[in-house]
There are 4 protein chains.
Amino acid sequence: MDYQKLLENIYQEILPYAKEGKQANYIPELAKVNPDQFGMFIHSIYGETASIEQADTRFSIQSISKVFALAMCLSIKGDDLWKRVGREPSGTAFNSLIQLEVEHGIPRNPFINAGALVMADILFSHLDDPANDFLNFVRAVANNPTIEYNRDVANSERENGYLNAAIANLLKYHGTIENDIESVLNFYFLMCSIEMSCRELSLAFLAFANHRRKFDYAGISLTASQVKRINAIMQTCGFYDEAGEFAYFVGLPGKSGVGGGIVAIHPLQYSVAVWSPRLNSKGNSVMGMKALELLTTETKESIF
Amino acid sequence: MDYQKLLENIYQEILPYAKEGKQANYIPELAKVNPDQFGMFIHSIYGETASIEQADTRFSIQSISKVFALAMCLSIKGDDLWKRVGREPSGTAFNSLIQLEVEHGIPRNPFINAGALVMADILFSHLDDPANDFLNFVRAVANNPTIEYNRDVANSERENGYLNAAIANLLKYHGTIENDIESVLNFYFLMCSIEMSCRELSLAFLAFANHRRKFDYAGISLTASQVKRINAIMQTCGFYDEAGEFAYFVGLPGKSGVGGGIVAIHPLQYSVAVWSPRLNSKGNSVMGMKALELLTTETKESIF
Amino acid sequence: MDYQKLLENIYQEILPYAKEGKQANYIPELAKVNPDQFGMFIHSIYGETASIEQADTRFSIQSISKVFALAMCLSIKGDDLWKRVGREPSGTAFNSLIQLEVEHGIPRNPFINAGALVMADILFSHLDDPANDFLNFVRAVANNPTIEYNRDVANSERENGYLNAAIANLLKYHGTIENDIESVLNFYFLMCSIEMSCRELSLAFLAFANHRRKFDYAGISLTASQVKRINAIMQTCGFYDEAGEFAYFVGLPGKSGVGGGIVAIHPLQYSVAVWSPRLNSKGNSVMGMKALELLTTETKESIF
Amino acid sequence: MDYQKLLENIYQEILPYAKEGKQANYIPELAKVNPDQFGMFIHSIYGETASIEQADTRFSIQSISKVFALAMCLSIKGDDLWKRVGREPSGTAFNSLIQLEVEHGIPRNPFINAGALVMADILFSHLDDPANDFLNFVRAVANNPTIEYNRDVANSERENGYLNAAIANLLKYHGTIENDIESVLNFYFLMCSIEMSCRELSLAFLAFANHRRKFDYAGISLTASQVKRINAIMQTCGFYDEAGEFAYFVGLPGKSGVGGGIVAIHPLQYSVAVWSPRLNSKGNSVMGMKALELLTTETKESIF
């Protein structure tokens, strides 16, 4: 497979969508990013790589960090994790309080904000130094010690994070989180603020794509079965209320973030990351979604 | 792979669950079936087969018929189908009216009852002889002219089908179905009443598992891409509000029915059908779920 | 109190609203009524009366008939009625299926459609000749043997009554109604189709306004306490999701119908009926609401 | 009317219910109150009074304070108040976040917690010294300078007030409150912590019962029409999701609090306060509800 040629073709085809969609503006720091950027990087499990445009520009990975958090939580808690969070698609917008109230404080899955706050609470309880330990894990998976949080973005989100604060208070009311709300929120927003490039994300997610390789990084280890189950949750819950759409048009497990990044994996084949800040109405990158749809259309290969 | 040995091992392991769960009792005709039965049949795309226990006993396939209906609708309407039904997981029980009312009469996906009623309406409008044409299509896919409806089951369901009648009336109110309610309901229940054995179902679903083979049966043809998209919808929506659970533990696209049947496919590998009438609280066969979980655990292969 | 002068002043003040709002158009027969009509009639418990404009034109009383049904049900079942229907305001639109599903088939109150269908079912079970007995009761309360159903309106509603049919099926599914769905729906729509003028309605509702007088008509008798409780339900539930608005601006118990009629009572003072077919977005007569607001503003008397 | 005799009879009749219900326990300070207490005080607009048992024991008036807040807000903002809060019954539990999310941050009415938080925000913006000004207003209405906040109760509530904090954050997210969340929550809980006896509450609420008297206290003035509208809101929204029940059995406008107090008024007749800490499942005082039901049954007079 000539991946480089493939990415170049994809890029030509998605150029007409370059001005579609709107950048997330509820986080002032994120709104400062130049919206007219696009990057893509693919990394096969055999070591082939290809990249195009701003594949080396770092951006805020935001909710993509929830996959790293899930890996840590599953390693630490095992199946006990599922006592405090579900693993079913939510069927509603990613920040909905309704389901949480109806289901008495148990979030539908780890990738809606409520679920990620529960994971932040678990990590905050179990890690010696939560901020450092989480960053070190991501650095280890990505094999890159230069990855950093962006504390300006984290602070910017925290200051305007009323909806997440509402969710955290509701979780606390139902007893689903143990630590004080401020600590959980601060740690949550810090995790979301990690900055990585497409190249770095793509490399890091090889750990999920290639579950034949031992998953053991910075003391966090998972069985092959656990890795596959994380992939299953990416498939069913990775795109908020557009999970079905992504399965239908792309057909790969993946995870998106409001910074405009999307990472997807073809198990035992490759890991791919795209980034472009303009989002569709569901909060997913317009050019990113298109690029991934073309990727599986052109290669004629998806998990289905 | 010694599939026969595999199935025998699986059967031994699931025997302790033989008395768990309860048969569906809201359809009097179905409640008459002996609940203590189990069958399983696997069919690889290379022609290998294996079977165990009552793999040749026919049972009511119920909601599994919705996959056949989707294949027909997608062939007939193409992407216009998605104007009248969504393709997102529902996140609520399969018969919920709430989502339908909130979303103004557009069902979340084709596999919840509301979505299947819309498909029944589409087929009723487009087929010359709906009952015969649908049966002939299923017979063609299964390569078996002896497959039949069970009109006693269909009538039994119709007489007690108040919830489906409520849904049909709500769809009619919102203008999502065109034909008169009685015709749509009768045709819907008739489709659900088809009886097939595990062997027959497994063979029929090879058409979805092997999308390299041309899909063209009784005038209904689909592209490889369309077949893969049906598989994607089975993956995200095939198990009501247990879709995430099935993805997590089994990791294959599939579809279940309240008759106790489940069919699943490993694209480009095999198609498998299990049947056992006792259901868990979500309406899926207890032994069937366990058997499929063991299948992908033992083979160490799923789509993830 | 010079009621005649009062009504004339009110009429002048509401004339600017004569073209506001839209006639109900989901019932074809009702849509044929000339929308530019207005009538009002007031009847004090001391026998004073006043009328203005089309106070003698009969119109379809629609949901106002639910008050008569409630009087009959309370007389027949006593407090057992409340096992099958609640008496709390609904907080949502009058035809919402959501609350009904969440609350397992027990309607919030007798004046939402679901509640009225339950009353229709109760009356259908207990009356020897439901259609005649109900009409005779209304004639007796109104002291007027010429009151009639309009079967064209009833049939027109029945043919298009998909939402009510959805509700009836859902009630049947939950076991809240006993009789067959067609009988209940037909009887329900027949009750709604009664035609009365403002004069006739105003006179009939004196039976509720003047609870010092014995309530005993055509074999249906209520205690003073029961009459007051019907008034309480009119107050809290009589205007769908505009009950608070009516309490706030008018301050009287009352009941509206989509035919454009509204009846209100000032206990131990008067009964008043208004009618004008143009409705606001909540389904209540625009001129009718204004007229009643002015009535309690000008008289400086409400129940508060 | 011999009110004293009446209250004594009522007390005898409700004694069998003295151990029914449970004290609110989510506010530790309130849980310390001896639950086996009962007080009742009635005050007619002509100056007659009667009292029984602990009518002079002060208790935490909690949500009853919302009526005082509404009086202040309506005086300050006039009808502009209704741009930020509705006046319809909620139909769901008093602390539900669901309606708030569905209705984009506009609370249903001023008496659910969300609505009261909006009022706290308004008062916090408009009053020079919110805590003092609110207390002075209540003291003026009650004609009693010794009324005080209980800051231990306020602090106790604040520390455990996760659900109210969730609501406040959601309101802030939707832009319905202007001030910082901590200030609004602290002021809200302070208002709720006011302590008054039945005698004091009964006297204070004469201001609402007797709208012929000028409403003008500590600079807060209302027209007779505004007072009547506050009464209307008490009627439709004063008892959370038991508003219909209270209208049905008691038939008076009123307001309850989780401290076990209830105040009710018969416009132009009397004001009555009862108190007993044991609550029913809806959060209203068991003995209090019974006592008021007997009051209107025995006097044969309600607003209906």
# chains A, B, ... in the order shown; residues from 1 in each chain; ligands from 1
call {"tool": "interface_residues", "arguments": {"of": "chain D", "to": "chain C", "cutoff": "8 Å", "atoms": "only C-alpha atoms", "output": "JSON, numbers by chain"}}
result
{"D": [87, 88, 89, 90, 91, 92, 228, 229, 230, 231, 232, 233, 236, 241, 242, 243, 244, 245, 247, 248, 249, 251, 253, 266, 267, 303, 304]}
call {"tool": "write_last_selection", "arguments": {"atoms": "C-alpha atoms", "output": "PDB file, in the first residue's frame"}}
result
ATOM      1  CA  ARG D  87     -44.636  30.286  36.256  1.00  0.00           C
ATOM      2  CA  GLU D  88     -45.899  26.849  35.314  1.00  0.00           C
ATOM      3  CA  PRO D  89     -46.102  23.828  37.618  1.00  0.00           C
ATOM      4  CA  SER D  90     -43.093  21.600  37.106  1.00  0.00           C
ATOM      5  CA  GLY D  91     -44.655  18.166  37.098  1.00  0.00           C
ATOM      6  CA  THR D  92     -41.430  16.641  38.375  1.00  0.00           C
ATOM      7  CA  LYS D 228     -52.877  37.829  44.133  1.00  0.00           C
ATOM      8  CA  ARG D 229     -50.489  36.547  41.483  1.00  0.00           C
ATOM      9  CA  ILE D 230     -48.039  35.404  44.132  1.00  0.00           C
ATOM     10  CA  ASN D 231     -50.952  33.553  45.690  1.00  0.00           C
ATOM     11  CA  ALA D 232     -51.707  31.966  42.320  1.00  0.00           C
ATOM     12  CA  ILE D 233     -48.118  30.727  42.058  1.00  0.00           C
ATOM     13  CA  THR D 236     -49.994  25.941  41.345  1.00  0.00           C
ATOM     14  CA  ASP D 241     -44.970  17.523  42.592  1.00  0.00           C
ATOM     15  CA  GLU D 242     -47.701  17.385  45.220  1.00  0.00           C
ATOM     16  CA  ALA D 243     -49.293  20.673  44.150  1.00  0.00           C
ATOM     17  CA  GLY D 244     -52.299  18.879  42.691  1.00  0.00           C
ATOM     18  CA  GLU D 245     -52.703  16.804  45.829  1.00  0.00           C
ATOM     19  CA  ALA D 247     -55.169  21.685  45.795  1.00  0.00           C
ATOM     20  CA  TYR D 248     -57.379  18.615  45.856  1.00  0.00           C
ATOM     21  CA  PHE D 249     -57.374  17.918  49.585  1.00  0.00           C
ATOM     22  CA  GLY D 251     -57.777  23.816  48.343  1.00  0.00           C
ATOM     23  CA  PRO D 253     -52.581  28.515  48.139  1.00  0.00           C
ATOM     24  CA  HIS D 266     -57.405  31.715  52.499  1.00  0.00           C
ATOM     25  CA  PRO D 267     -57.467  35.042  50.648  1.00  0.00           C
ATOM     26  CA  ILE D 303     -60.946  28.784  47.505  1.00  0.00           C
ATOM     27  CA  PHE D 304     -62.918  26.266  45.438  1.00  0.00           C
TER      28      PHE D 304
END
call {"tool": "residues_around", "arguments": {"residues": "Ile42 (chain D)", "least_positions_apart": "6", "cutoff": "7 Å", "atoms": "only C-alpha atoms", "output": "short mmCIF file (atom, residue, chain, number, x, y, z; two decimals) with N, CA and C atoms, in the first residue's frame"}}
result
data_model
loop_
_atom_site.label_atom_id
_atom_site.label_comp_id
_atom_site.auth_asym_id
_atom_site.auth_seq_id
_atom_site.Cartn_x
_atom_site.Cartn_y
_atom_site.Cartn_z
N THR D 49 -57.13 34.96 66.51
CA THR D 49 -56.00 34.02 66.45
C THR D 49 -56.32 32.79 67.28
N ALA D 50 -55.61 31.71 66.94
CA ALA D 50 -55.69 30.50 67.76
C ALA D 50 -54.39 29.75 67.56
N SER D 51 -53.99 29.02 68.60
CA SER D 51 -52.73 28.30 68.46
C SER D 51 -52.81 27.00 69.22
N SER D 202 -47.47 32.81 60.41
CA SER D 202 -48.88 33.09 60.18
C SER D 202 -49.13 34.59 60.11
N TYR D 270 -57.98 34.21 56.16
CA TYR D 270 -57.00 33.94 57.21
C TYR D 270 -55.68 33.46 56.62
N SER D 271 -54.71 33.42 57.48
CA SER D 271 -53.41 32.83 57.19
C SER D 271 -53.14 31.80 58.27
N VAL D 272 -52.59 30.64 57.87
CA VAL D 272 -52.38 29.57 58.85
C VAL D 272 -51.00 28.95 58.64
N ALA D 273 -50.32 28.64 59.73
CA ALA D 273 -49.03 27.95 59.64
C ALA D 273 -49.05 26.72 60.51
#
call {"tool": "select_by_dssp", "arguments": {"residues": "region 44-120 of chain D", "states": "alpha helix (DSSP H)", "output": "PyMOL selection string"}}
result
chain D and resi 65-77+98-102+113-120
call {"tool": "residues_around", "arguments": {"residues": "region 65-76 of chain B", "least_positions_apart": "4", "cutoff": "7 Å", "atoms": "only C-alpha atoms", "output": "PDB file with N, CA and C atoms, in the first residue's frame"}}
result
ATOM      1  N   ILE B  61     -37.335 -16.334  14.138  1.00  0.00           N
ATOM      2  CA  ILE B  61     -36.136 -15.488  14.113  1.00  0.00           C
ATOM      3  C   ILE B  61     -36.431 -14.075  14.610  1.00  0.00           C
ATOM      4  N   LEU B  81     -33.037   6.142   2.165  1.00  0.00           N
ATOM      5  CA  LEU B  81     -33.582   5.465   3.342  1.00  0.00           C
ATOM      6  C   LEU B  81     -33.356   6.297   4.598  1.00  0.00           C
ATOM      7  N   PHE B 111     -33.167  -0.912  13.616  1.00  0.00           N
ATOM      8  CA  PHE B 111     -33.324  -2.143  14.377  1.00  0.00           C
ATOM      9  C   PHE B 111     -34.152  -1.977  15.643  1.00  0.00           C
ATOM     10  N   ALA B 116     -37.964  -0.521  12.394  1.00  0.00           N
ATOM     11  CA  ALA B 116     -38.380  -1.675  11.610  1.00  0.00           C
ATOM     12  C   ALA B 116     -39.789  -1.467  11.047  1.00  0.00           C
ATOM     13  N   MET B 119     -39.348   0.504   8.014  1.00  0.00           N
ATOM     14  CA  MET B 119     -38.906  -0.359   6.910  1.00  0.00           C
ATOM     15  C   MET B 119     -40.057  -1.187   6.368  1.00  0.00           C
ATOM     16  N   LEU B 123     -41.202  -1.209   2.478  1.00  0.00           N
ATOM     17  CA  LEU B 123     -41.327  -2.427   1.679  1.00  0.00           C
ATOM     18  C   LEU B 123     -42.764  -2.622   1.215  1.00  0.00           C
ATOM     19  N   VAL B 138     -35.592 -13.881   1.420  1.00  0.00           N
ATOM     20  CA  VAL B 138     -34.942 -14.640   2.491  1.00  0.00           C
ATOM     21  C   VAL B 138     -34.593 -16.058   2.006  1.00  0.00           C
ATOM     22  N   MET B 191     -43.113 -10.644   8.961  1.00  0.00           N
ATOM     23  CA  MET B 191     -41.660 -10.738   8.752  1.00  0.00           C
ATOM     24  C   MET B 191     -40.969 -11.350   9.975  1.00  0.00           C
ATOM     25  N   CYS B 192     -41.411 -10.903  11.157  1.00  0.00           N
ATOM     26  CA  CYS B 192     -40.793 -11.395  12.395  1.00  0.00           C
ATOM     27  C   CYS B 192     -41.047 -12.880  12.623  1.00  0.00           C
ATOM     28  N   ILE B 220     -32.602  -8.357  -5.390  1.00  0.00           N
ATOM     29  CA  ILE B 220     -32.093  -7.409  -4.393  1.00  0.00           C
ATOM     30  C   ILE B 220     -30.565  -7.444  -4.449  1.00  0.00           C
ATOM     31  N   SER B 221     -29.948  -6.335  -4.858  1.00  0.00           N
ATOM     32  CA  SER B 221     -28.483  -6.332  -4.945  1.00  0.00           C
ATOM     33  C   SER B 221     -27.902  -5.166  -4.154  1.00  0.00           C
ATOM     34  N   LEU B 222     -26.738  -5.420  -3.559  1.00  0.00           N
ATOM     35  CA  LEU B 222     -26.044  -4.419  -2.741  1.00  0.00           C
ATOM     36  C   LEU B 222     -24.577  -4.382  -3.144  1.00  0.00           C
TER      37      LEU B 222
END
call {"tool": "residues_around", "arguments": {"residues": "region 8-19 of chain D", "least_positions_apart": "3", "cutoff": "10 Å", "atoms": "only C-alpha atoms", "output": "list in words"}}
result
Tyr3, Gln4, Lys5, Lys22, Pro35, Asp36, Gln37, Phe38, Gly39, Met40, Ala50, Ser51, Ile52, Glu53, Ser276, Pro277, Arg278, Val286, Met287, Gly288, Met289, Lys290, Ala291, Leu292, Glu293, Leu294, Leu295 and Glu298 of chain D
call {"tool": "select_by_dssp", "arguments": {"residues": "region 114-285 of chain D", "states": "strand (DSSP E or B)", "output": "list in words"}}
result
Glu148, Glu195, Met196, Phe215, Asp216, Tyr217, Ile220, Ser221, Leu222, Gly254, Lys255, Ser256, Gly261, Ile262, Val263, Ala264, Ile265, His266, Tyr270, Ser271, Val272, Ala273, Val274, Trp275, Leu279 and Ser285 of chain D
call {"tool": "write_last_selection", "arguments": {"atoms": "N, CA and C atoms", "output": "PDB file, in the first residue's frame"}}
result
ATOM      1  N   GLU D 148     -34.068  35.725  62.802  1.00  0.00           N
ATOM      2  CA  GLU D 148     -32.646  35.608  62.454  1.00  0.00           C
ATOM      3  C   GLU D 148     -32.403  34.453  61.484  1.00  0.00           C
ATOM      4  N   GLU D 195     -35.261  31.281  60.627  1.00  0.00           N
ATOM      5  CA  GLU D 195     -36.061  30.529  61.595  1.00  0.00           C
ATOM      6  C   GLU D 195     -37.240  31.367  62.081  1.00  0.00           C
ATOM      7  N   MET D 196     -38.397  30.782  62.024  1.00  0.00           N
ATOM      8  CA  MET D 196     -39.609  31.456  62.493  1.00  0.00           C
ATOM      9  C   MET D 196     -40.513  30.411  63.152  1.00  0.00           C
ATOM     10  N   PHE D 215     -49.446  46.525  50.543  1.00  0.00           N
ATOM     11  CA  PHE D 215     -48.244  45.705  50.744  1.00  0.00           C
ATOM     12  C   PHE D 215     -47.039  46.617  50.569  1.00  0.00           C
ATOM     13  N   ASP D 216     -46.428  47.025  51.645  1.00  0.00           N
ATOM     14  CA  ASP D 216     -45.288  47.957  51.583  1.00  0.00           C
ATOM     15  C   ASP D 216     -44.454  47.778  52.850  1.00  0.00           C
ATOM     16  N   TYR D 217     -43.351  47.052  52.713  1.00  0.00           N
ATOM     17  CA  TYR D 217     -42.518  46.710  53.878  1.00  0.00           C
ATOM     18  C   TYR D 217     -41.048  46.900  53.528  1.00  0.00           C
ATOM     19  N   ILE D 220     -40.187  47.461  50.014  1.00  0.00           N
ATOM     20  CA  ILE D 220     -40.705  46.508  49.022  1.00  0.00           C
ATOM     21  C   ILE D 220     -42.219  46.669  48.957  1.00  0.00           C
ATOM     22  N   SER D 221     -42.719  47.130  47.790  1.00  0.00           N
ATOM     23  CA  SER D 221     -44.170  47.307  47.691  1.00  0.00           C
ATOM     24  C   SER D 221     -44.722  46.564  46.482  1.00  0.00           C
ATOM     25  N   LEU D 222     -45.933  46.055  46.658  1.00  0.00           N
ATOM     26  CA  LEU D 222     -46.608  45.300  45.606  1.00  0.00           C
ATOM     27  C   LEU D 222     -48.034  45.800  45.469  1.00  0.00           C
ATOM     28  N   GLY D 254     -50.482  27.828  49.151  1.00  0.00           N
ATOM     29  CA  GLY D 254     -49.599  27.611  50.291  1.00  0.00           C
ATOM     30  C   GLY D 254     -48.185  27.309  49.846  1.00  0.00           C
ATOM     31  N   LYS D 255     -47.317  27.141  50.834  1.00  0.00           N
ATOM     32  CA  LYS D 255     -45.918  26.818  50.538  1.00  0.00           C
ATOM     33  C   LYS D 255     -45.372  25.973  51.679  1.00  0.00           C
ATOM     34  N   SER D 256     -44.636  24.935  51.299  1.00  0.00           N
ATOM     35  CA  SER D 256     -44.052  24.062  52.305  1.00  0.00           C
ATOM     36  C   SER D 256     -42.533  24.169  52.284  1.00  0.00           C
ATOM     37  N   GLY D 261     -42.325  22.829  57.907  1.00  0.00           N
ATOM     38  CA  GLY D 261     -43.321  23.896  57.990  1.00  0.00           C
ATOM     39  C   GLY D 261     -44.174  23.971  56.737  1.00  0.00           C
ATOM     40  N   ILE D 262     -45.411  24.391  56.921  1.00  0.00           N
ATOM     41  CA  ILE D 262     -46.295  24.703  55.796  1.00  0.00           C
ATOM     42  C   ILE D 262     -47.079  25.936  56.179  1.00  0.00           C
ATOM     43  N   VAL D 263     -47.185  26.866  55.247  1.00  0.00           N
ATOM     44  CA  VAL D 263     -48.046  28.012  55.473  1.00  0.00           C
ATOM     45  C   VAL D 263     -49.081  28.022  54.364  1.00  0.00           C
ATOM     46  N   ALA D 264     -50.322  28.375  54.694  1.00  0.00           N
ATOM     47  CA  ALA D 264     -51.378  28.432  53.679  1.00  0.00           C
ATOM     48  C   ALA D 264     -52.239  29.650  53.968  1.00  0.00           C
ATOM     49  N   ILE D 265     -52.858  30.168  52.929  1.00  0.00           N
ATOM     50  CA  ILE D 265     -53.718  31.333  53.138  1.00  0.00           C
ATOM     51  C   ILE D 265     -55.067  31.107  52.482  1.00  0.00           C
ATOM     52  N   HIS D 266     -56.107  31.624  53.132  1.00  0.00           N
ATOM     53  CA  HIS D 266     -57.405  31.715  52.499  1.00  0.00           C
ATOM     54  C   HIS D 266     -57.594  33.199  52.217  1.00  0.00           C
ATOM     55  N   TYR D 270     -57.979  34.207  56.161  1.00  0.00           N
ATOM     56  CA  TYR D 270     -56.998  33.939  57.211  1.00  0.00           C
ATOM     57  C   TYR D 270     -55.678  33.460  56.622  1.00  0.00           C
ATOM     58  N   SER D 271     -54.708  33.417  57.483  1.00  0.00           N
ATOM     59  CA  SER D 271     -53.412  32.826  57.185  1.00  0.00           C
ATOM     60  C   SER D 271     -53.144  31.798  58.270  1.00  0.00           C
ATOM     61  N   VAL D 272     -52.587  30.641  57.873  1.00  0.00           N
ATOM     62  CA  VAL D 272     -52.378  29.573  58.848  1.00  0.00           C
ATOM     63  C   VAL D 272     -51.003  28.948  58.641  1.00  0.00           C
ATOM     64  N   ALA D 273     -50.317  28.636  59.734  1.00  0.00           N
ATOM     65  CA  ALA D 273     -49.028  27.951  59.639  1.00  0.00           C
ATOM     66  C   ALA D 273     -49.046  26.719  60.509  1.00  0.00           C
ATOM     67  N   VAL D 274     -48.475  25.626  59.973  1.00  0.00           N
ATOM     68  CA  VAL D 274     -48.324  24.389  60.751  1.00  0.00           C
ATOM     69  C   VAL D 274     -46.877  23.944  60.665  1.00  0.00           C
ATOM     70  N   TRP D 275     -46.477  23.138  61.614  1.00  0.00           N
ATOM     71  CA  TRP D 275     -45.110  22.638  61.598  1.00  0.00           C
ATOM     72  C   TRP D 275     -45.015  21.299  62.289  1.00  0.00           C
ATOM     73  N   LEU D 279     -41.668  14.109  57.364  1.00  0.00           N
ATOM     74  CA  LEU D 279     -42.108  14.409  56.008  1.00  0.00           C
ATOM     75  C   LEU D 279     -42.618  13.159  55.288  1.00  0.00           C
ATOM     76  N   SER D 285     -44.614  17.959  55.162  1.00  0.00           N
ATOM     77  CA  SER D 285     -44.926  17.500  56.511  1.00  0.00           C
ATOM     78  C   SER D 285     -46.195  16.647  56.546  1.00  0.00           C
TER      79      SER D 285
END
call {"tool": "atom_distance", "arguments": {"atom1": "CA of Ile194 (chain B)", "atom2": "CA of Ser60 (chain B)"}}
result
5.8 Å
call {"tool": "atom_distance", "arguments": {"atom1": "CA of His126 (chain B)", "atom2": "CA of Asn179 (chain B)"}}
result
11.0 Å
call {"tool": "atom_distance", "arguments": {"atom1": "CA of Gly161 (chain B)", "atom2": "CA of Glu20 (chain B)"}}
result
26.3 Å
call {"tool": "residues_around", "arguments": {"residues": "Ile181 (chain C)", "least_positions_apart": "3", "cutoff": "9 Å", "atoms": "only C-alpha atoms", "output": "list of chain:residue names"}}
result
C:Asp121, C:Ala165, C:Ala168, C:Asn169, C:Lys172, C:Ile177, C:Glu178, C:Val184, C:Leu185, C:Asn186
call {"tool": "write_last_selection", "arguments": {"atoms": "C-alpha atoms", "output": "PDB file, in the first residue's frame"}}
result
ATOM      1  CA  ASP C 121     -62.835   3.404  29.399  1.00  0.00           C
ATOM      2  CA  ALA C 165     -54.674   5.963  19.131  1.00  0.00           C
ATOM      3  CA  ALA C 168     -54.786   4.335  23.833  1.00  0.00           C
ATOM      4  CA  ASN C 169     -52.527   1.496  22.692  1.00  0.00           C
ATOM      5  CA  LYS C 172     -53.806  -0.885  26.875  1.00  0.00           C
ATOM      6  CA  ILE C 177     -57.783   0.465  30.016  1.00  0.00           C
ATOM      7  CA  GLU C 178     -60.031  -2.566  29.974  1.00  0.00           C
ATOM      8  CA  VAL C 184     -62.767   3.545  23.867  1.00  0.00           C
ATOM      9  CA  LEU C 185     -61.496   5.843  21.114  1.00  0.00           C
ATOM     10  CA  ASN C 186     -64.879   6.094  19.449  1.00  0.00           C
TER      11      ASN C 186
END
call {"tool": "decode", "arguments": {"residues": "region 252-264 of chain A", "atoms": "N, CA and C atoms", "output": "tab-separated table (two decimals), in the first residue's frame"}}
result
chain	number	residue	atom	x	y	z
A	252	LEU	N	-14.19	2.14	11.64
A	252	LEU	CA	-13.03	1.85	12.48
A	252	LEU	C	-13.30	2.34	13.89
A	253	PRO	N	-12.71	1.71	14.90
A	253	PRO	CA	-12.75	2.30	16.24
A	253	PRO	C	-11.96	3.61	16.24
A	254	GLY	N	-12.39	4.57	17.01
A	254	GLY	CA	-11.67	5.84	17.02
A	254	GLY	C	-12.15	6.73	18.15
A	255	LYS	N	-11.50	7.88	18.26
A	255	LYS	CA	-11.89	8.84	19.29
A	255	LYS	C	-11.60	10.24	18.77
A	256	SER	N	-12.53	11.14	19.00
A	256	SER	CA	-12.37	12.53	18.54
A	256	SER	C	-12.25	13.46	19.74
A	257	GLY	N	-11.78	14.67	19.48
A	257	GLY	CA	-11.71	15.70	20.50
A	257	GLY	C	-12.15	17.04	19.93
A	258	VAL	N	-12.62	17.93	20.79
A	258	VAL	CA	-13.09	19.23	20.28
A	258	VAL	C	-11.97	20.13	19.80
A	259	GLY	N	-10.71	19.73	20.03
A	259	GLY	CA	-9.61	20.48	19.45
A	259	GLY	C	-9.51	20.24	17.95
A	260	GLY	N	-10.31	19.29	17.43
A	260	GLY	CA	-10.29	19.02	16.00
A	260	GLY	C	-9.51	17.77	15.64
A	261	GLY	N	-8.98	17.09	16.64
A	261	GLY	CA	-8.24	15.86	16.37
A	261	GLY	C	-9.14	14.64	16.34
A	262	ILE	N	-8.79	13.66	15.54
A	262	ILE	CA	-9.45	12.35	15.55
A	262	ILE	C	-8.36	11.30	15.38
A	263	VAL	N	-8.43	10.26	16.18
A	263	VAL	CA	-7.52	9.14	15.98
A	263	VAL	C	-8.37	7.92	15.73
A	264	ALA	N	-7.93	7.05	14.81
A	264	ALA	CA	-8.67	5.83	14.52
A	264	ALA	C	-7.67	4.70	14.32
